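S.K.: Provided herewith: work_6.csv, CSV, C-alpha atoms.
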chain,number,residue,atom,x,y,z
E,1,MET,CA,-170.2,23.4,-102.0
E,2,LYS,CA,-167.2,22.1,-100.0
E,3,ARG,CA,-168.0,24.5,-97.1
E,4,SER,CA,-171.7,23.4,-96.9
E,5,LEU,CA,-170.7,19.7,-96.9
E,6,THR,CA,-168.3,20.4,-94.1
E,7,CYS,CA,-171.1,22.1,-92.1
E,8,VAL,CA,-173.5,19.2,-92.7
E,9,LEU,CA,-170.9,16.7,-91.5
E,10,MET,CA,-170.1,18.8,-88.4
E,11,ALA,CA,-173.8,19.0,-87.6
E,12,VAL,CA,-174.2,15.2,-87.9
E,13,ALA,CA,-171.2,14.6,-85.7
E,14,ALA,CA,-172.6,17.1,-83.1
E,15,VAL,CA,-175.9,15.3,-83.1
E,16,MET,CA,-174.3,11.9,-82.7
E,17,LEU,CA,-172.1,13.2,-79.8
E,18,LEU,CA,-175.1,14.6,-78.0
E,19,ALA,CA,-176.9,11.3,-78.4
E,20,VAL,CA,-174.0,9.4,-76.9
E,21,CYS,CA,-173.5,11.9,-74.0
E,22,GLY,CA,-177.2,11.9,-73.3
E,23,SER,CA,-177.5,8.2,-73.0
E,24,THR,CA,-174.4,8.0,-70.8
E,25,ALA,CA,-175.8,10.7,-68.5
E,26,ARG,CA,-179.1,9.0,-68.3
E,27,SER,CA,-177.6,5.7,-67.2
E,28,ALA,CA,-175.4,7.5,-64.6
E,29,THR,CA,-178.5,9.1,-63.1
E,30,ILE,CA,-180.4,5.8,-62.9
E,31,ASP,CA,-177.4,4.1,-61.2
E,32,ASP,CA,-177.2,6.9,-58.7
E,33,GLN,CA,-180.9,6.5,-57.9
E,34,ILE,CA,-180.5,2.8,-57.6
E,35,ARG,CA,-177.6,3.3,-55.2
E,36,GLY,CA,-179.8,5.7,-53.1
E,37,VAL,CA,-182.6,3.2,-52.9
E,38,MET,CA,-180.3,0.3,-52.1
E,39,GLY,CA,-178.7,2.3,-49.3
E,40,ARG,CA,-182.1,2.7,-47.6
E,41,ILE,CA,-183.0,-1.0,-48.2
E,42,GLN,CA,-179.6,-2.0,-46.7
E,43,GLN,CA,-180.3,0.1,-43.6
E,44,ARG,CA,-183.7,-1.5,-43.1
E,45,THR,CA,-182.5,-5.1,-43.6
E,46,PRO,CA,-181.6,-6.0,-40.0
E,47,GLN,CA,-185.0,-5.0,-38.7
E,48,LEU,CA,-186.8,-6.7,-41.6
E,49,LEU,CA,-184.8,-9.9,-41.0
E,50,ALA,CA,-185.8,-9.8,-37.3
E,51,LEU,CA,-189.5,-9.6,-38.2
E,52,LYS,CA,-189.0,-12.5,-40.7
E,53,ASN,CA,-187.3,-14.6,-38.1
E,54,ALA,CA,-190.2,-13.8,-35.7
E,55,ASN,CA,-192.7,-15.0,-38.5
E,56,GLN,CA,-194.4,-11.6,-38.4
E,57,VAL,CA,-193.5,-10.6,-41.9
E,58,GLY,CA,-192.8,-12.5,-45.1
E,59,GLU,CA,-192.0,-12.1,-48.8
E,60,THR,CA,-194.6,-12.5,-51.4
E,61,ALA,CA,-194.9,-13.7,-55.1
E,62,THR,CA,-195.4,-10.0,-56.0
E,63,GLY,CA,-191.9,-9.1,-54.9
E,64,LEU,CA,-193.0,-7.1,-51.9
E,65,VAL,CA,-193.1,-7.8,-48.1
E,66,GLU,CA,-196.3,-8.3,-46.2
E,67,ALA,CA,-197.3,-8.7,-42.6
E,68,ILE,CA,-198.4,-12.3,-41.8
E,69,LYS,CA,-199.9,-11.3,-38.5
E,70,ALA,CA,-200.5,-8.0,-36.7
E,71,VAL,CA,-197.4,-5.9,-36.3
E,72,ASP,CA,-196.9,-2.8,-34.3
E,73,ALA,CA,-196.8,0.7,-35.8
E,74,ALA,CA,-193.0,0.6,-36.3
E,75,GLY,CA,-193.3,-2.7,-38.1
E,76,LYS,CA,-196.1,-1.3,-40.3
E,77,LYS,CA,-193.9,1.7,-41.2
E,78,LEU,CA,-191.0,-0.6,-41.9
E,79,VAL,CA,-193.0,-2.7,-44.3
E,80,ALA,CA,-194.6,0.4,-46.0
E,81,ASP,CA,-191.2,2.0,-46.5
E,82,GLU,CA,-189.6,-1.2,-47.7
E,83,ASN,CA,-192.4,-1.7,-50.3
E,84,THR,CA,-192.1,1.9,-51.5
E,85,ASP,CA,-188.4,1.6,-52.0
E,86,ARG,CA,-188.8,-1.8,-53.7
E,87,GLY,CA,-191.4,-0.3,-56.1
E,88,LEU,CA,-189.0,2.5,-57.0
E,89,LEU,CA,-186.2,-0.1,-57.4
E,90,PHE,CA,-188.3,-2.1,-59.8
E,91,LYS,CA,-189.1,0.9,-62.0
E,92,LEU,CA,-185.4,2.0,-62.1
E,93,LEU,CA,-184.2,-1.5,-63.0
E,94,ALA,CA,-186.9,-1.8,-65.7
E,95,ALA,CA,-185.8,1.5,-67.2
E,96,LYS,CA,-182.1,0.5,-66.9
E,97,ASN,CA,-182.6,-2.9,-68.5
E,98,ARG,CA,-185.2,-1.7,-71.0
E,99,THR,CA,-187.8,-4.2,-69.8
E,100,THR,CA,-191.1,-4.2,-68.0
E,101,VAL,CA,-191.7,-3.6,-64.3
E,102,LYS,CA,-193.6,-6.9,-64.3
E,103,LYS,CA,-190.5,-8.8,-65.5
E,104,VAL,CA,-188.4,-7.2,-62.9
E,105,THR,CA,-191.0,-7.9,-60.2
E,106,ASP,CA,-191.4,-11.6,-61.1
E,107,ASN,CA,-187.6,-12.1,-61.2
E,108,PHE,CA,-187.2,-10.3,-57.9
E,109,ALA,CA,-189.8,-12.5,-56.2
E,110,LYS,CA,-188.0,-15.6,-57.5
E,111,PHE,CA,-184.7,-14.3,-56.3
E,112,ARG,CA,-186.1,-13.6,-52.8
E,113,PHE,CA,-187.6,-17.1,-52.7
E,114,ARG,CA,-184.3,-18.6,-53.7
E,115,LYS,CA,-182.4,-16.6,-51.0
E,116,ALA,CA,-185.0,-17.2,-48.2
E,117,ALA,CA,-184.2,-19.3,-45.2
E,118,PRO,CA,-186.3,-22.5,-45.1
E,119,GLN,CA,-188.2,-21.4,-42.0
E,120,HIS,CA,-189.2,-18.0,-43.5
E,121,TYR,CA,-192.7,-17.6,-44.8
E,122,PHE,CA,-193.5,-16.9,-48.4
E,123,LYS,CA,-196.9,-15.9,-49.8
E,124,GLY,CA,-197.7,-17.7,-53.1
E,125,ARG,CA,-199.7,-16.4,-56.0
E,126,ASN,CA,-202.6,-18.4,-54.6
E,127,GLY,CA,-202.5,-16.3,-51.5
E,128,LYS,CA,-201.3,-19.1,-49.3
E,129,TRP,CA,-198.6,-18.5,-46.6
E,130,LEU,CA,-196.2,-21.4,-46.4
E,131,THR,CA,-192.6,-21.6,-45.3
E,132,LYS,CA,-190.0,-22.1,-48.0
E,133,ALA,CA,-189.4,-25.6,-46.8
E,134,GLN,CA,-193.1,-26.4,-47.1
E,135,TRP,CA,-193.3,-24.9,-50.6
E,136,LEU,CA,-190.4,-27.1,-51.7
E,137,LYS,CA,-191.9,-30.1,-50.1
E,138,ALA,CA,-195.3,-29.4,-51.8
E,139,GLY,CA,-193.6,-29.5,-55.2
E,140,ALA,CA,-195.2,-28.2,-58.4
E,141,PRO,CA,-196.7,-25.7,-59.1
E,142,GLY,CA,-194.9,-23.9,-56.2
E,143,PRO,CA,-195.5,-20.3,-55.0
E,144,PHE,CA,-195.4,-18.9,-58.6
E,145,GLY,CA,-197.8,-21.3,-60.2
T,1,MET,CA,-162.0,-38.2,-147.9
T,2,LEU,CA,-164.7,-36.1,-146.4
T,3,GLY,CA,-165.5,-38.8,-143.9
T,4,ARG,CA,-161.9,-38.9,-142.7
T,5,TRP,CA,-161.8,-35.1,-142.3
T,6,LEU,CA,-165.0,-35.3,-140.3
T,7,LEU,CA,-163.6,-38.1,-138.1
T,8,PHE,CA,-160.4,-36.0,-137.6
T,9,ALA,CA,-162.5,-32.9,-136.7
T,10,ALA,CA,-164.6,-34.9,-134.2
T,11,ALA,CA,-161.4,-36.4,-132.6
T,12,MET,CA,-159.8,-32.9,-132.3
T,13,MET,CA,-163.0,-31.6,-130.7
T,14,LEU,CA,-162.9,-34.4,-128.1
T,15,VAL,CA,-159.2,-33.8,-127.4
T,16,GLY,CA,-159.9,-30.1,-127.1
T,17,ALA,CA,-162.7,-30.6,-124.6
T,18,GLY,CA,-160.4,-32.8,-122.5
T,19,CYS,CA,-157.7,-30.1,-122.4
T,20,THR,CA,-159.8,-27.4,-120.7
T,21,TYR,CA,-158.5,-26.0,-117.5
T,22,HIS,CA,-160.7,-26.2,-114.4
T,23,GLU,CA,-160.0,-24.2,-111.3
T,24,VAL,CA,-162.0,-25.0,-108.1
T,25,ASP,CA,-162.4,-22.1,-105.8
T,26,VAL,CA,-162.0,-23.1,-102.2
T,27,LYS,CA,-163.2,-20.2,-100.1
T,28,PRO,CA,-161.3,-19.9,-96.8
T,29,ILE,CA,-163.2,-20.6,-93.6
T,30,LYS,CA,-164.3,-17.4,-92.1
T,31,ILE,CA,-164.9,-17.2,-88.3
T,32,GLU,CA,-167.5,-14.7,-87.6
T,33,PRO,CA,-167.9,-13.1,-84.2
T,34,ILE,CA,-170.6,-14.8,-82.1
T,35,HIS,CA,-173.2,-12.4,-80.8
T,36,ILE,CA,-174.5,-13.7,-77.5
T,37,THR,CA,-177.9,-12.5,-76.4
T,38,VAL,CA,-178.2,-12.8,-72.7
T,39,ASP,CA,-181.7,-13.6,-71.5
T,40,ILE,CA,-183.2,-10.7,-69.6
T,41,ASN,CA,-184.1,-13.1,-66.7
T,42,VAL,CA,-180.5,-14.1,-66.3
T,43,LYS,CA,-179.4,-10.5,-66.5
T,44,LEU,CA,-181.9,-9.5,-63.8
T,45,GLN,CA,-181.0,-12.3,-61.5
T,46,LYS,CA,-177.3,-11.3,-61.8
T,47,GLU,CA,-178.2,-7.7,-61.1
T,48,PHE,CA,-180.1,-8.8,-57.9
T,49,GLU,CA,-177.2,-10.9,-56.8
T,50,ASP,CA,-174.9,-7.9,-57.1
T,51,LEU,CA,-177.2,-5.4,-55.4
T,52,PHE,CA,-178.1,-7.7,-52.5
T,53,ALA,CA,-174.6,-9.2,-52.0
T,54,PHE,CA,-174.5,-7.3,-48.7
T,55,GLU,CA,-177.0,-9.8,-47.3
T,56,GLU,CA,-174.6,-12.6,-47.8
T,57,LYS,CA,-171.8,-10.7,-46.0
T,58,ALA,CA,-174.1,-9.7,-43.1
T,59,GLU,CA,-175.3,-13.3,-42.7
T,60,PRO,CA,-172.1,-15.4,-42.6
T,61,LYS,CA,-174.0,-18.5,-41.5
T,62,ALA,CA,-174.8,-20.4,-44.6
T,63,LYS,CA,-178.5,-20.1,-45.4
T,64,ASP,CA,-180.1,-23.2,-46.8
T,65,ASP,CA,-179.9,-22.1,-50.4
T,66,SER,CA,-180.4,-25.6,-51.7
T,67,GLY,CA,-183.9,-25.1,-52.9
T,68,SER,CA,-184.3,-24.2,-56.5
T,69,ASP,CA,-187.0,-21.7,-57.2
T,70,LYS,CA,-190.1,-23.2,-58.6
T,71,LYS,CA,-192.3,-21.5,-61.1
Just give me the structure as structure tokens.

M.R.:
Amino acid sequence: MKRSLTCVLMAVAAVMLLAVCGSTARSATIDDQIRGVMGRIQQRTPQLLALKNANQVGETATGLVEAIKAVDAAGKKLVADENTDRGLLFKLLAAKNRTTVKKVTDNFAKFRFRKAAPQHYFKGRNGKWLTKAQWLKAGAPGPFG
Amino acid sequence: MLGRWLLFAAAMMLVGAGCTYHEVDVKPIKIEPIHITVDINVKLQKEFEDLFAFEEKAEPKAKDDSGSDKK
């Protein structure tokens, strides 16, 4: 009787330990993946900023970047790669924070708008391209309305 | 005679009622830990600030960050 109770307690402790280790390992893997994605995004930032300063590319209310006017093949690839990595980042952050991809995307778009330079273009939910300064001057409902 | 005894009994009952002991329990104030639920939006914004902090370092010129994001 005493032996079987000890066995049961040990089994329960083992299951709990596995659960804790499993969750720790899972979050470590997600953080590693986020680091990998952010490394690529960071490498791309100077070229992306140059395109934004040239008003060729802009941020959008969907959290992705888009070409405002025709860009060359290198620019198209840059935009495509950036959006692929951003999509992956949204999924990873949603999993890490146990929320939806939409919530992450919406928050990211607002973050990008907040950090944008006033002369950079931003595409609102209504599909309109305006500079940040123009959006702020226009008032409500803003790019997310 | 009986009336006097009754009066005496009633008086004794009144005196007895006034001699009861009352104790008021004052429970000590308990300070419970406060559980703060951080809004997911705040959490995500903080996460983005941390992840994209390299942009601030790369662009030392102050961007015009005065605009509050509008919904």

S.K.: Measuring between only C-alpha atoms, which one of E:Gly39, E:Gly87, E:Pro141, E:Gly124 shows the shortest distance to chain T?

M.R.: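 Among the listed residues, E:Pro141 lies closest to chain T.
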
S.K.: Only residues of chain E matter here; which ones have an atom within 9 Å of chain T, counting all atoms listed in the file? Give them as a PyMOL selection string.

M.R.: chain E and resi 35+38+42+45-46+93+97+99+103-104+107-108+110-111+113-118+132-133+135-136+139-145

S.K.: For the residues in the current selection, export C-alpha atoms as a PDB file, in the coordinates of the input.

M.R.:
ATOM      1  CA  ARG E  35    -177.600   3.300 -55.200  1.00  0.00           C
ATOM      2  CA  MET E  38    -180.300   0.300 -52.100  1.00  0.00           C
ATOM      3  CA  GLN E  42    -179.600  -2.000 -46.700  1.00  0.00           C
ATOM      4  CA  THR E  45    -182.500  -5.100 -43.600  1.00  0.00           C
ATOM      5  CA  PRO E  46    -181.600  -6.000 -40.000  1.00  0.00           C
ATOM      6  CA  LEU E  93    -184.200  -1.500 -63.000  1.00  0.00           C
ATOM      7  CA  ASN E  97    -182.600  -2.900 -68.500  1.00  0.00           C
ATOM      8  CA  THR E  99    -187.800  -4.200 -69.800  1.00  0.00           C
ATOM      9  CA  LYS E 103    -190.500  -8.800 -65.500  1.00  0.00           C
ATOM     10  CA  VAL E 104    -188.400  -7.200 -62.900  1.00  0.00           C
ATOM     11  CA  ASN E 107    -187.600 -12.100 -61.200  1.00  0.00           C
ATOM     12  CA  PHE E 108    -187.200 -10.300 -57.900  1.00  0.00           C
ATOM     13  CA  LYS E 110    -188.000 -15.600 -57.500  1.00  0.00           C
ATOM     14  CA  PHE E 111    -184.700 -14.300 -56.300  1.00  0.00           C
ATOM     15  CA  PHE E 113    -187.600 -17.100 -52.700  1.00  0.00           C
ATOM     16  CA  ARG E 114    -184.300 -18.600 -53.700  1.00  0.00           C
ATOM     17  CA  LYS E 115    -182.400 -16.600 -51.000  1.00  0.00           C
ATOM     18  CA  ALA E 116    -185.000 -17.200 -48.200  1.00  0.00           C
ATOM     19  CA  ALA E 117    -184.200 -19.300 -45.200  1.00  0.00           C
ATOM     20  CA  PRO E 118    -186.300 -22.500 -45.100  1.00  0.00           C
ATOM     21  CA  LYS E 132    -190.000 -22.100 -48.000  1.00  0.00           C
ATOM     22  CA  ALA E 133    -189.400 -25.600 -46.800  1.00  0.00           C
ATOM     23  CA  TRP E 135    -193.300 -24.900 -50.600  1.00  0.00           C
ATOM     24  CA  LEU E 136    -190.400 -27.100 -51.700  1.00  0.00           C
ATOM     25  CA  GLY E 139    -193.600 -29.500 -55.200  1.00  0.00           C
ATOM     26  CA  ALA E 140    -195.200 -28.200 -58.400  1.00  0.00           C
ATOM     27  CA  PRO E 141    -196.700 -25.700 -59.100  1.00  0.00           C
ATOM     28  CA  GLY E 142    -194.900 -23.900 -56.200  1.00  0.00           C
ATOM     29  CA  PRO E 143    -195.500 -20.300 -55.000  1.00  0.00           C
ATOM     30  CA  PHE E 144    -195.400 -18.900 -58.600  1.00  0.00           C
ATOM     31  CA  GLY E 145    -197.800 -21.300 -60.200  1.00  0.00           C
TER      32      GLY E 145
END

S.K.: Please compute the CA of Ile41 in chain E-CA of Asn83 in chain E distance, one decimal, in Å.

M.R.: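 Computed distance, CA of Ile41 in chain E to CA of Asn83 in chain E, equals 9.7 Å.
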
S.K.: What does the distance between CA of Asp72 in chain E and CA of Gln134 in chain E come to in Å, to one decimal place?

M.R.: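 It comes out at 27.1 Å.
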
S.K.: In Å, rounded to a single decimal, give me how far CA of Asp50 in chain T is from CA of Asp85 in chain E.

M.R.: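 We find that CA of Asp85 in chain E and CA of Asp50 in chain T lie 17.3 Å from each other.
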
S.K.: Taking into account only C-alpha atoms, which residue in the set E:Ala67, E:Ala95, E:Val79, E:Val101 is nearest to Tyr121 in chain E?

M.R.: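 For Tyr121 in chain E, the nearest of the given residues is E:Ala67.
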
S.K.: Looking at all atoms listed in the file, which of E:Asp106, E:Ala138, E:Arg86, E:Trp129 is the one that sits closest to Gly36 in chain E?

M.R.: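 Closest residue, counting all atoms listed in the file: E:Arg86.
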